[in-house]
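Below: one structure, written as structure tokens.
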Number of protein chains: 2
Amino acid sequence: MQILATLIVIDRDSIQPVYQQLANRLMQLIKDGTLPVSHRLLSTRKMAELLKIHRKTVVRAYDELLAQGWLESEGGNGTFVSSNLPKLELKNPSAKNGTKVNVLKNAGFSIGNADHLKRKINKTTQSYHLDDGYPDSRLAPLTELSRAYRTQLLTGNSYVRFGYGDTKGSLLLREELCTYFAETRGLNIDTENILITRGTVMGLYLVSAALITPGEHVVVTELGWKAASMNFLQAQAIVHKIAVDEHGMVVDELRRLCLVTKIRLVYLTPHHHYPTTVPMRADRRIQLLSLAEEFGFIIFEDDYDYDFHYMNRPLQPLVSADKTGHVIYCGSFTKSIAPAFRVGYLVAPENVIQQLAQLRRIVDRQGDFMLENSIAELFKLGTIQKHLRKSLRVYRERRDVFCDLIKHHLNNKIHFQVPEGGMAVWAIADLSIDIQDLSFKALKKDIYINDGSGFGEAPTINNNLRLGFASSNVAELEYIVETIAKLL
Amino acid sequence: MQILATLIVIDRDSIQPVYQQLANRLMQLIKDGTLPVSHRLLSTRKMAELLKIHRKTVVRAYDELLAQGWLESEGGNGTFVSSNLPKLELKNPSAKNGTKVNVLKNAGFSIGNADHLKRKINKTTQSYHLDDGYPDSRLAPLTELSRAYRTQLLTGNSYVRFGYGDTKGSLLLREELCTYFAETRGLNIDTENILITRGTVMGLYLVSAALITPGEHVVVTELGWKAASMNFLQAQAIVHKIAVDEHGMVVDELRRLCLVTKIRLVYLTPHHHYPTTVPMRADRRIQLLSLAEEFGFIIFEDDYDYDFHYMNRPLQPLVSADKTGHVIYCGSFTKSIAPAFRVGYLVAPENVIQQLAQLRRIVDRQGDFMLENSIAELFKLGTIQKHLRKSLRVYRERRDVFCDLIKHHLNNKIHFQVPEGGMAVWAIADLSIDIQDLSFKALKKDIYINDGSGFGEAPTINNNLRLGFASSNVAELEYIVETIAKLL
């Protein structure tokens with residue numbers, strides 16, 4: 001009996017009622033075979049004395065277990081462990097340990113493998129960083145966003161507002177985006193042409209999962225954004241790579257491929273090519289649109305940083321010139337607010353959006369309407385637009401400062417063109433420099449340097465660097481470049 | 001020349017600079033053929049006079065278009081539309097209309113079809129509702145949530161906090177859930193056994209997409225949650241249906257199926273079977289776990305409303321008794337806060353969580369850390385626990401009131417068992433009642449009645465209703481039942 005008292009420990013500080021703790025523990029002891037089938041339990045009075053709890057509590061626990069079939073009662077003869085329970089739990093002796101039994105490392109079923117999804121994720125925690133080209137979230141209108149979010153939470157009919165909504169996303173935000181796209185991108189669309197996503201990644205995923213059949217051919221650029229290819233491989237596409245030069249994707253090469261292979265989708269970043277930052281030239285854009293029409297493929301236009309162009313060139317996105325419904329346009333607030341704000345958009349013909357919205361319903365049902373409506377509110381107030389104008393000014397200055405710093409301190413060691421837009425400088429380090437070694441030394445100085453894994457198949461062969469400057473202020477950029485100069 | 005002035009409208013209230021508006025408009029006119037190849041543009045002086053803008057503005061616009069290759073300059077002879085541009089835009093005469101050209105209804109590529117994803121979505125906007133079983137978000141701790149969210153937005157190192165994070169979700173929330181699961185579910189796990197999802201739907205999606213190979217066999221219950229089957233069909237599984245009775249899934253029937261068919265996954269809602277609300281009996285639970293081990297299938301345990309059980313029965317979830325790594329456990333805050341708060345969780349062996357996290361990376365990269373951390377903070381403060389205790393009390397009272405109201409006003413017309421938990425009553429209407437007709441009449445009285453589409457293949461044949469009572473207070477429930485009584 002004393003042994004039973006050590007096996008049944010009641011925690012009076014738990015939020016779980018005592019009778020429930022007792023019932024759970026008895027169930028566990030039955031399941032692991034400590035209390036075997038047909039074992040006669042202590043009477044409720046004796047159990048109550050043993051555990052120093054009220055008898056009614058024990059009665060309640062026994063009643064629960066009787067009702068669930070763990071115990072059976074034989075009239076006045078007492079209460080027994082049910083004889084109908086299979087004895088499977090006895091197989092596993094570790095269950096008797098009582099704690100942490102569910103910390104399972106491995107499944108009891110096969111989980112296959114997914115090599116194409118195994119990719120290192122860099123998490124930058126250093127105080128200083130030349131990252132992949134992230135915004136400076138210190139500039140973001142967080143107070144305004146917090147206020148808008150609070151209003152969303154505390155105003156209006158909560159049943160409708162907090163219920164299930166349109167899988168296409170917040171209508172308010174889609175309306176604001178229509179206006180914004182018309183003003184900034186020459187893109188005149190309707191709310192039914194927009195699906196609010198949780199960022200570019202989800203845009204890629206939905207399009208790949210909904211529109212690519214296993215075995216279809218997809219084109220990406222080399223160099224390009226590797227994570228996009230992961231999506232196409234997950235959809236079991238055959239992925240082809242087309243070269244990029246100083247004017248973006250080499251469309252002639254794509255044309256030659258189209259003549260011999262039926263292409264389903266072409267993925268590219270025409271505004272500022274990732275990772276090299278160059279804009280795609282106007283004639284190539286027109287040729288690409290023409291090819292899409294001729295060969296019937298989808299153009300997936302990933303416009304990840306449209307709002308940050310410093311040369312005042314009104315290069316409209318491809319979608320704004322698409323008259324035949326071949327472009328699916330994708331963007332996000334990752335660069336305009338911060339990566340953690342998972343809100344983005346897909347723009348496409350209405351029937352495509354409908355199909356993607358149907359898929360989205362079973363992927364995660366819907367976006368975060370509170371956040372989407374909050375961003376819509378900040379558009380309506382002009383806060384986002386003001387933030388983007390300010391960011392553009394600040395990032396342009398940082399670009400200029402950063403480029404001057406490299407020229408001054410790293411002359412003949414790091415070669416680059418001043419980027420026309422975006423948040424990073426594409427550079428080539430002198431071949432005498434071991435980039436991996438430099439990155440490693442910099443980490444010890446609390447500086448993260450984006451060493452180029454992620455741009456293509458063998459990026460460091462060319463000693464390339466993509467140096468994000470936007471997330472650091474001028475003083476930080478000075479410290480970073482001066483420190484690197486000392487390390488070289 | 002006057003025609004050109006009507007074609008180029010400058011909007012001085014736009015956030016777009018005037019030169020950019022002009023450049024965009026000229027580009028559009030070139031693309032749609034209004035300004036043909038080799039057309040000589042007005043001089044900058046004449047254009048400025050025509051549009052009543054500064055000449056420098058025109059110079060800047062022309063310079064942009066020259067740089068982009070839309071225009072070419074022939075020394076002192078003037079500025080011309082570039083002769084290198086393909087004339088594809090001329091094909092589409094509608095482009096000349098100038099506005100709304102991008103409101104495309106249909107894609108220029110084939111979009112296939114996805115019949116299994118086509119399903120009506122009910123959006124309840126009525127003031128009164130017997131819904132599918134949603135919580136009352138008026139009870140939710142929204143002020144506390146708003147405060148926690150504000151703290152998340154405005155405190156600490158924004159670069160790390162607003163950057164990319166762990167695809168498994170907020171570590172803070174996973175830690176809190178470990179404690180919470182141990183206290184309420186007898187489930188002792190580690191943070192590496194948890195993936196934070198955006199709700200049960202995403203849990204189902206990730207598991208289906210990562211672990212089901214096309215052609216594999218999946219088991220669901222009939223009646224059951226139809227939306228789950230949509231996910232399995234999307235993964236191209238073959239879906240089998242097993243009966244449920246008053247003790248949950250009929251496991252003997254599943255055993256017979258296992259003897260002839262290799263089953264990959266069994267989906268069920270054992271705590272309160274959806275839609276009938278009955279708990280699965282203990283012996284069947286043990287038999288099911290034993291079957292999973294014997295035949296090597298996955299149990300997908302959808303525990304959508306664990307926290308709302310009124311009979312004080314400590315029925316632990318299946319996962320708490322799983323010693324062999326066969327259960328994937330899924331839940332969400334849909335029922336404990338509100339559907340719009342898209343936060344949920346998967347619990348599984350560590351290698352399964354790793355694989356699901358890799359997939360999640362390409363689906364939407366990561367969850368909403370601000371929201372996840374805010375919920376973690378409310379767990380730490382005890383706010384969520386307090387809210388759940390309060391909700392349980394309130395919903396139990398509403399259940400009792402609602403059941404009494406039905407008995408009193410709809411006696412012999414609506415038959416039901418008082419549910420042991422959850423947020424809905426499963427009922428059968430007398431065959432003399434036409435449920436569709438009743439729903440329609442009720443809508444006119446501003447009352448939504450969940451008419452049963454969604455439970456199975458032919459739900460209304462049995463005149464079933466699932467009547468969610470939790471989202472309505474006592475006065476609302478009285479109005480609803482009394483009004484329905486008058487309609488019958």
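Residues are referred to by chain and number: the chain letter is A, B, ... according to the order shown in the structure tokens, the number counts from 1 in that chain, and ligands are numbered separately from 1 in the order shown.
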
Exercise. Pull the strand (DSSP E or B) assignments for segment 250-449 of chain A out of DSSP run on the backbone, and list those residues as a ChimeraX atom specification.
Key: /A:263-268,298-302,309,327-332,344-347,414-416,421,424-429,447-449

Self-check item: Which of segment 224-325 of chain B fall in alpha helix (DSSP H), as a PyMOL selection string
Solution: chain B and resi 226-234+251-260+282-295

Practice problem: Within 10 Å of Ser83 of chain A, counting only C-alpha atoms, which residues show up once you throw out same-chain ones fewer than 6 positions away? Write them as a ChimeraX atom specification, please. | Solution: /A:36-39,69-72

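The space separating atom CA of Glu74 of chain A from atom CA of Val59 of chain A comes to 15.2 Å.
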
Please tabulate, as CSV, the residues of segment 284-315 of chain A that come within 12 Å of segment 367-388 of chain A, each with its closest pair of atoms and the distance in Å to one decimal, counting only C-alpha atoms and ordering rows by chain, then residue number upward.
```
residue,atom,partner,partner_atom,distance
A:Asp305,CA,A:Leu388,CA,11.1
A:Tyr306,CA,A:Leu388,CA,10.8
A:Asp307,CA,A:Leu388,CA,7.1
A:Phe308,CA,A:Leu388,CA,8.1
A:His309,CA,A:Leu388,CA,11.0
```

Quiz prompt | Using only C-alpha atoms: which of A:Arg281, A:Lys120, A:Lys241, A:Arg255 has the shortest distance to chain B | solution = A:Arg281

Self-check item: Test item: residues at most 7 Å from Asn450 of chain B, only C-alpha atoms, excluding those fewer than 3 positions along its chain, as a list in words
Solution: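 My list of contacting residues is Leu130, Asp131, Asp132, Leu465, Arg466 and Leu467 of chain B.
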
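Taking atom CA of Phe297 of chain B and atom CA of Ile189 of chain B as endpoints, the distance between them is 21.3 Å.
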
Quiz item: Which one is closest to chain A: B:Thr57, B:Asn412, B:Gln358, B:Thr79? Count only C-alpha atoms.
Solution: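 The closest residue to chain A is B:Gln358.
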
Exercise. Identify which of the residues B:Val418, B:Leu154, B:Cys178, B:Leu4 lies closest to chain A, counting only C-alpha atoms when measuring atom-to-atom distances.
Key: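 Distance minimum relative to chain A lands on B:Leu154.
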
Practice problem: Tell me, as a ChimeraX atom specification, which residues lie within 12 Å of Gly296 of chain A, counting only C-alpha atoms; anything in the same chain fewer than 5 positions away does not count. | Solution: /A:258,261-266,288-291,324-327 /B:107-111

Self-check item: Distance criterion (only C-alpha atoms): nearest to Ile328 of chain A out of B:Thr143, B:Leu195, B:Leu104, B:Gly33
Solution: B:Leu104

Exercise. Record the distance separating atom CA of Arg119 of chain B and atom CA of Leu172 of chain A, expressed in Å with one decimal.
Key: 24.3 Å

List the neighbours of segment 135-141 of chain A out to 10 Å using only C-alpha atoms; skip same-chain residues closer than 4 positions along the sequence, and give me the result as a short mmCIF file (atom, residue, chain, number, x, y, z; two decimals) with all heavy atoms, in the first residue's frame.
```
data_model
loop_
_atom_site.label_atom_id
_atom_site.label_comp_id
_atom_site.auth_asym_id
_atom_site.auth_seq_id
_atom_site.Cartn_x
_atom_site.Cartn_y
_atom_site.Cartn_z
N ASP A 131 23.85 41.42 -44.40
CA ASP A 131 22.97 40.28 -44.59
C ASP A 131 22.56 40.15 -46.05
O ASP A 131 23.14 40.77 -46.94
CB ASP A 131 21.77 40.37 -43.64
CG ASP A 131 21.06 41.71 -43.77
OD1 ASP A 131 20.99 42.25 -44.90
OD2 ASP A 131 20.59 42.23 -42.74
N LEU A 145 1.47 50.57 -36.14
CA LEU A 145 0.97 49.23 -36.39
C LEU A 145 0.35 48.65 -35.12
O LEU A 145 -0.73 48.04 -35.16
CB LEU A 145 2.12 48.33 -36.87
CG LEU A 145 1.73 46.93 -37.35
CD1 LEU A 145 0.78 46.98 -38.52
CD2 LEU A 145 2.99 46.14 -37.74
N SER A 146 1.01 48.88 -34.02
CA SER A 146 0.50 48.39 -32.74
C SER A 146 -0.87 49.01 -32.44
O SER A 146 -1.79 48.34 -31.98
CB SER A 146 1.50 48.73 -31.64
OG SER A 146 0.91 48.66 -30.38
N THR A 334 7.84 41.84 -46.62
CA THR A 334 9.10 41.44 -45.99
C THR A 334 10.13 42.56 -46.04
O THR A 334 10.80 42.86 -45.06
CB THR A 334 9.68 40.21 -46.72
OG1 THR A 334 8.74 39.17 -46.64
CG2 THR A 334 10.99 39.78 -46.11
N LYS A 335 10.25 43.17 -47.22
CA LYS A 335 11.26 44.21 -47.38
C LYS A 335 10.74 45.58 -46.98
O LYS A 335 11.51 46.46 -46.61
CB LYS A 335 11.71 44.27 -48.85
CG LYS A 335 12.33 42.97 -49.36
CD LYS A 335 13.71 42.70 -48.78
CE LYS A 335 14.35 41.47 -49.38
NZ LYS A 335 13.77 40.22 -48.84
N SER A 336 9.42 45.79 -47.04
CA SER A 336 8.93 47.13 -46.74
C SER A 336 8.63 47.31 -45.25
O SER A 336 8.61 48.44 -44.78
CB SER A 336 7.71 47.48 -47.59
OG SER A 336 6.83 46.41 -47.70
N ILE A 337 8.42 46.22 -44.50
CA ILE A 337 8.30 46.36 -43.04
C ILE A 337 9.41 45.53 -42.39
O ILE A 337 10.41 46.08 -41.97
CB ILE A 337 6.90 45.94 -42.54
CG1 ILE A 337 5.80 46.76 -43.24
CG2 ILE A 337 6.81 46.16 -41.03
CD1 ILE A 337 4.39 46.40 -42.82
N ALA A 338 9.25 44.22 -42.34
CA ALA A 338 10.29 43.35 -41.79
C ALA A 338 9.92 41.91 -42.13
O ALA A 338 8.75 41.59 -42.32
CB ALA A 338 10.41 43.53 -40.28
N PRO A 339 10.92 41.02 -42.18
CA PRO A 339 10.64 39.63 -42.55
C PRO A 339 9.59 38.95 -41.67
O PRO A 339 8.81 38.13 -42.17
CB PRO A 339 12.01 38.95 -42.37
CG PRO A 339 13.01 40.02 -42.62
CD PRO A 339 12.37 41.26 -42.03
N ALA A 340 9.54 39.30 -40.39
CA ALA A 340 8.63 38.58 -39.49
C ALA A 340 7.16 38.91 -39.75
O ALA A 340 6.29 38.19 -39.29
CB ALA A 340 8.98 38.89 -38.03
N LEU A 378 -3.06 51.25 -42.20
CA LEU A 378 -1.86 52.09 -42.35
C LEU A 378 -1.70 52.58 -43.79
O LEU A 378 -1.13 53.65 -44.02
CB LEU A 378 -0.61 51.34 -41.89
CG LEU A 378 -0.53 50.95 -40.41
CD1 LEU A 378 0.89 50.56 -40.03
CD2 LEU A 378 -1.03 52.06 -39.49
N THR A 383 0.40 55.95 -43.86
CA THR A 383 1.57 55.65 -43.02
C THR A 383 2.58 54.77 -43.76
O THR A 383 3.79 54.99 -43.68
CB THR A 383 1.11 54.92 -41.73
OG1 THR A 383 0.05 55.67 -41.14
CG2 THR A 383 2.26 54.76 -40.75
N ILE A 384 2.07 53.77 -44.48
CA ILE A 384 2.97 52.87 -45.20
C ILE A 384 3.70 53.66 -46.29
O ILE A 384 4.93 53.54 -46.46
CB ILE A 384 2.18 51.70 -45.84
CG1 ILE A 384 1.50 50.85 -44.76
CG2 ILE A 384 3.09 50.86 -46.73
CD1 ILE A 384 2.34 49.78 -44.15
N LYS A 386 4.34 56.81 -46.48
CA LYS A 386 5.31 57.72 -45.87
C LYS A 386 6.55 56.94 -45.43
O LYS A 386 7.69 57.36 -45.63
CB LYS A 386 4.65 58.41 -44.66
CG LYS A 386 5.39 59.60 -44.13
CD LYS A 386 4.59 60.25 -42.99
CE LYS A 386 5.53 60.83 -41.95
NZ LYS A 386 4.85 61.10 -40.67
N HIS A 387 6.28 55.77 -44.83
CA HIS A 387 7.39 54.91 -44.38
C HIS A 387 8.26 54.50 -45.56
O HIS A 387 9.49 54.49 -45.47
CB HIS A 387 6.82 53.69 -43.67
CG HIS A 387 7.81 52.58 -43.49
ND1 HIS A 387 8.95 52.72 -42.70
CD2 HIS A 387 7.88 51.32 -44.01
CE1 HIS A 387 9.64 51.59 -42.73
NE2 HIS A 387 9.02 50.73 -43.52
N LEU A 388 7.62 54.17 -46.69
CA LEU A 388 8.40 53.73 -47.85
C LEU A 388 9.23 54.88 -48.42
O LEU A 388 10.38 54.69 -48.81
CB LEU A 388 7.46 53.16 -48.92
CG LEU A 388 6.83 51.81 -48.57
CD1 LEU A 388 5.81 51.40 -49.61
CD2 LEU A 388 7.90 50.73 -48.40
N LYS A 390 10.38 57.43 -46.74
CA LYS A 390 11.48 57.65 -45.79
C LYS A 390 12.54 56.56 -45.95
O LYS A 390 13.74 56.85 -46.01
CB LYS A 390 10.92 57.65 -44.37
CG LYS A 390 11.97 57.77 -43.27
CD LYS A 390 11.28 57.87 -41.91
CE LYS A 390 12.00 57.01 -40.87
NZ LYS A 390 11.21 56.82 -39.65
N SER A 391 12.10 55.32 -46.03
CA SER A 391 13.05 54.21 -46.16
C SER A 391 13.88 54.37 -47.42
O SER A 391 15.10 54.14 -47.41
CB SER A 391 12.30 52.88 -46.23
OG SER A 391 11.51 52.69 -45.10
N VAL A 394 16.52 56.93 -46.82
CA VAL A 394 17.54 56.44 -45.88
C VAL A 394 18.41 55.37 -46.55
O VAL A 394 19.65 55.40 -46.44
CB VAL A 394 16.86 55.87 -44.61
CG1 VAL A 394 17.87 55.14 -43.73
CG2 VAL A 394 16.17 56.99 -43.84
N TYR A 395 17.79 54.45 -47.26
CA TYR A 395 18.56 53.36 -47.87
C TYR A 395 19.44 53.87 -49.01
O TYR A 395 20.54 53.36 -49.24
CB TYR A 395 17.64 52.25 -48.38
CG TYR A 395 16.84 51.55 -47.30
CD1 TYR A 395 15.66 50.87 -47.61
CD2 TYR A 395 17.26 51.56 -45.96
CE1 TYR A 395 14.92 50.23 -46.62
CE2 TYR A 395 16.52 50.92 -44.98
CZ TYR A 395 15.35 50.26 -45.30
OH TYR A 395 14.62 49.63 -44.33
N GLY A 422 17.34 48.25 -54.46
CA GLY A 422 17.42 47.12 -53.56
C GLY A 422 18.22 47.43 -52.30
O GLY A 422 18.52 48.59 -52.01
N MET A 423 18.56 46.40 -51.58
CA MET A 423 19.13 46.56 -50.25
C MET A 423 20.48 45.90 -50.11
O MET A 423 20.96 45.70 -49.00
CB MET A 423 18.17 45.98 -49.22
CG MET A 423 16.80 46.64 -49.32
SD MET A 423 15.70 46.05 -48.05
CE MET A 423 14.36 47.21 -48.28
N GLY A 468 24.24 43.07 -47.80
CA GLY A 468 23.07 43.88 -47.46
C GLY A 468 23.47 45.05 -46.60
O GLY A 468 24.05 44.87 -45.53
N PHE A 469 23.15 46.25 -47.06
CA PHE A 469 23.54 47.46 -46.33
C PHE A 469 22.37 48.13 -45.63
O PHE A 469 22.55 48.95 -44.72
CB PHE A 469 24.18 48.47 -47.29
CG PHE A 469 23.30 48.81 -48.46
CD1 PHE A 469 22.27 49.74 -48.34
CD2 PHE A 469 23.49 48.20 -49.70
CE1 PHE A 469 21.45 50.03 -49.41
CE2 PHE A 469 22.67 48.50 -50.78
CZ PHE A 469 21.64 49.41 -50.63
N ALA A 470 21.13 47.78 -46.03
CA ALA A 470 19.98 48.59 -45.61
C ALA A 470 19.67 48.47 -44.12
O ALA A 470 19.17 49.42 -43.51
CB ALA A 470 18.75 48.21 -46.43
N SER A 471 20.01 47.32 -43.53
CA SER A 471 19.63 47.12 -42.13
C SER A 471 20.61 47.77 -41.15
O SER A 471 20.39 47.71 -39.94
CB SER A 471 19.53 45.62 -41.83
OG SER A 471 20.75 44.97 -42.11
N SER A 472 21.68 48.38 -41.65
CA SER A 472 22.67 49.01 -40.76
C SER A 472 22.69 50.52 -40.98
O SER A 472 22.63 50.98 -42.13
CB SER A 472 24.07 48.47 -41.07
OG SER A 472 24.10 47.06 -41.00
N ASN A 473 22.79 51.26 -39.92
CA ASN A 473 22.90 52.71 -40.09
C ASN A 473 24.34 53.10 -40.44
O ASN A 473 25.23 52.24 -40.51
CB ASN A 473 22.38 53.46 -38.85
CG ASN A 473 23.20 53.17 -37.61
OD1 ASN A 473 24.41 52.92 -37.71
ND2 ASN A 473 22.57 53.20 -36.46
N LEU B 153 5.88 44.13 -30.19
CA LEU B 153 6.26 45.04 -31.28
C LEU B 153 7.29 46.06 -30.84
O LEU B 153 8.16 46.46 -31.63
CB LEU B 153 5.03 45.79 -31.81
CG LEU B 153 4.11 45.04 -32.76
CD1 LEU B 153 3.06 46.00 -33.31
CD2 LEU B 153 4.88 44.40 -33.90
N LEU B 154 7.20 46.50 -29.59
CA LEU B 154 7.95 47.70 -29.23
C LEU B 154 9.13 47.47 -28.28
O LEU B 154 9.78 48.41 -27.87
CB LEU B 154 6.99 48.74 -28.61
CG LEU B 154 5.82 49.15 -29.52
CD1 LEU B 154 4.92 50.14 -28.81
CD2 LEU B 154 6.31 49.71 -30.85
N ASN B 157 15.48 43.88 -29.26
CA ASN B 157 16.26 44.01 -30.48
C ASN B 157 15.42 43.66 -31.69
O ASN B 157 15.12 42.50 -31.93
CB ASN B 157 17.47 43.08 -30.39
CG ASN B 157 18.32 43.11 -31.65
OD1 ASN B 157 17.85 43.48 -32.73
ND2 ASN B 157 19.56 42.71 -31.53
N SER B 158 15.03 44.67 -32.44
CA SER B 158 14.09 44.41 -33.52
C SER B 158 14.71 43.60 -34.65
O SER B 158 14.02 42.88 -35.34
CB SER B 158 13.53 45.73 -34.04
OG SER B 158 14.55 46.48 -34.66
N TYR B 159 16.03 43.70 -34.85
CA TYR B 159 16.65 42.96 -35.96
C TYR B 159 16.47 41.45 -35.80
O TYR B 159 16.08 40.76 -36.72
CB TYR B 159 18.14 43.29 -36.07
CG TYR B 159 18.78 42.68 -37.30
CD1 TYR B 159 18.58 43.25 -38.56
CD2 TYR B 159 19.54 41.52 -37.22
CE1 TYR B 159 19.13 42.69 -39.69
CE2 TYR B 159 20.11 40.96 -38.35
CZ TYR B 159 19.89 41.55 -39.58
OH TYR B 159 20.44 41.00 -40.71
N VAL B 160 16.74 40.97 -34.58
CA VAL B 160 16.57 39.54 -34.32
C VAL B 160 15.09 39.18 -34.25
O VAL B 160 14.64 38.21 -34.83
CB VAL B 160 17.29 39.14 -33.01
CG1 VAL B 160 16.98 37.70 -32.63
CG2 VAL B 160 18.79 39.34 -33.17
N ARG B 161 14.32 40.01 -33.56
CA ARG B 161 12.92 39.68 -33.32
C ARG B 161 12.09 39.70 -34.60
O ARG B 161 11.17 38.92 -34.75
CB ARG B 161 12.34 40.64 -32.29
CG ARG B 161 11.23 40.03 -31.48
CD ARG B 161 10.87 40.89 -30.29
NE ARG B 161 10.33 42.17 -30.66
CZ ARG B 161 10.97 43.32 -30.64
NH1 ARG B 161 12.21 43.36 -30.28
NH2 ARG B 161 10.39 44.44 -31.00
N PHE B 162 12.42 40.62 -35.50
CA PHE B 162 11.64 40.74 -36.73
C PHE B 162 12.31 40.08 -37.92
O PHE B 162 11.91 40.28 -39.06
CB PHE B 162 11.36 42.21 -37.06
CG PHE B 162 10.55 42.90 -36.00
CD1 PHE B 162 10.74 44.24 -35.72
CD2 PHE B 162 9.59 42.20 -35.28
CE1 PHE B 162 10.00 44.88 -34.74
CE2 PHE B 162 8.83 42.83 -34.30
CZ PHE B 162 9.05 44.18 -34.03
N GLY B 163 13.37 39.32 -37.66
CA GLY B 163 14.02 38.60 -38.75
C GLY B 163 13.37 37.26 -38.97
O GLY B 163 12.27 36.98 -38.48
#
```
